[in-house]
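Here is the structure we will look at, set down as structure tokens.
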Amino acid sequence: MATTFSLPPLPYAYDALEPVICKQIMEIHHQKHHQTYITNLNAALSAQSTALAANNIPQLINLQQKIKFNGGGHINHSLFWKNLAPHASPETNIDQAAPVLKAAIEAQYGSVEKFKEAFGATLLGLQGSGWGWLVANGPGGKLEIVSTKDQDPVTDKVPVFGVDMWEHAYYLQYFNNKASYVEGIWKVLNWRTAEDRFKNGVEGSALLKL
Amino acid sequence: MAASLIRTSARTALRAGASATPKAAGVAGLTFARGKATLPDLAYDYGALEPSISGKIMELHHKNHHQTYVNSYNTAIEQLQEAVAKEDITTQINLKPLINFHGGGHINHTLFWENLAPKSQGGGEPPSGALAKAIDESFGSLGEFQSKMNAALAGIQGSGWAWLVKDKQTGNIGIKTYANQDPVVGQFQPLLGIDAWEHAYYLQYQNRKAEYFSAIWDVINWKAVEKRFS
Ligand SMILES: [Fe+2]
Ligand SMILES: [Fe+2]
Ligand SMILES: [Fe+2]
């Protein structure tokens, strides 16, 4: 009954985001952190199957938070890897890669710069671990900047792109200087993926379907 | 670590010159100058907790992370004072999460530095007296308490702290976890806190946080915990 999830491969090499995100961070983040969310999600789903078969309702309720946290961790990181692209690749050029999204951003925020400022402020305002997201109210819909705590995923809107603000995402390179990480992220943002999600919703990849 | 030791001494000397500085009630180590929160000195060198916690982690954690909580707390309090003066209730309420977060960060780290000590200064030496008895009665043994505390730390989903607390109503001790920088206030009194934010261990342990949780017991200052308990 329970599906088993496995680690999706990175769509680029571990060192492809240098110098913005170093190879060591990418390796540990993908191979260890993301893998741990998947391992714990699979364990929780398997326990859920057993509890369901046994009609054990307290246990089913007890497992909800584990599924939310680890399922969220799996979803968020799967989305995040595809939100990033090699440094100076064509995907990181908003003009070429995301004309429709760019126009929508300009219409709502005045300019791309103003949008980046607002997005950066949301990222830096997070108190503890969490994510910042640009979401759309349905494909092509109204844009909004939101943050989610810990590994809470975006479930009711289209996550156009998200930025991981857990310390593990930047600490080995930026230490407490998270503002530099936030500034750098725009240089490796995959605007092509963002454009595609904005126009069509999140890719119907089986790995994100629970 | 000689350079950082000198800096610490210099700060201590400066502080001694301003001995009229009022002390905050409650947490013994919380210091204020001219009504502002200030970064407390460590009672040991940044490298003194090695190999449990590296000198680099201690230096960044104290000089950068804790200092940022102090600065941001002071900024929020200034804004609060302005809002109070203007009778601006909306702004006062808006500032509450910032005061909780940065004030909590200041309180938590101040308590944390105090409940750590190098091995040469008694770090890791088991508790004695009434606290030892309370731990045995509540958890069975010190070892069992440590496993339960480590399990609580490992179970934190995101950033946060685990504390050994004393229930002010019953006098009982127990383990509680707190999200982000939520401080131990109200019904419970903080006795021993362990920082489970990634910045507390990442440079040395990366994702292997269980190794950090097990190594930290070698530098726990149980004497400081006993003082808080009594
Ligand atoms: Fe590196
Ligand atoms: Fe992450
Ligand atoms: Fe900390």
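The chains in the structure tokens are called A, B, ... from first to last as shown; in each chain the residues are counted from 1, and the ligands are counted from 1 in the order shown.
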
* Quick one: which residues from chain B are at most 12 Å off chain A, using only C-alpha atoms, as number ranges by chain? -> B: 56-57, 59-69, 72, 97-102, 104-105, 155-161, 178-182, 196-209

* Output the neighbourhood of ligand 1 as an MDAnalysis selection string, that is, all protein and nucleic acid residues with some atom at most 7 Å from the ligand, counting only C-alpha atoms and all ligand atoms. => chainID A and resid 22:24 173

* **Contacts of Thr148 in chain A at 7 Å (only C-alpha atoms; same-chain gap of 2+ positions) as a list in words** =>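 Using only C-alpha atoms, the neighbours found are Gly130, Trp131, Gly132, Val146, Asp150, Asp152 and Pro153 of chain A.
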
* **DSSP-assigned strand (DSSP E) among range 67-144 of chain A, expressed as a ChimeraX atom specification** => /A:130-136,143-144

Using C-alpha atoms, can you write the selected residues to a file as a PDB file, in the first residue's frame?
ATOM      1  CA  GLY A 130      11.870  27.602   7.061  1.00  0.00           C
ATOM      2  CA  TRP A 131      11.389  28.514   3.423  1.00  0.00           C
ATOM      3  CA  GLY A 132      10.477  31.551   1.392  1.00  0.00           C
ATOM      4  CA  TRP A 133       8.252  31.037  -1.669  1.00  0.00           C
ATOM      5  CA  LEU A 134       6.900  32.897  -4.620  1.00  0.00           C
ATOM      6  CA  VAL A 135       3.486  31.349  -5.107  1.00  0.00           C
ATOM      7  CA  ALA A 136       0.766  31.858  -7.706  1.00  0.00           C
ATOM      8  CA  LEU A 143       1.528  36.277  -7.256  1.00  0.00           C
ATOM      9  CA  GLU A 144       2.348  36.334  -3.556  1.00  0.00           C
TER      10      GLU A 144
END

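Across the model, the gap from CA of His106 in chain B to CA of Pro51 in chain B is 25.1 Å.
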
* For each of A:Ile21, A:Ala85, A:Ala44, A:Asp196, take the minimum atom-to-atom distance to Ser180 in chain A, counting only C-alpha atoms, then give the residue where this is smallest. =>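 Closest residue, counting only C-alpha atoms: A:Ile21.
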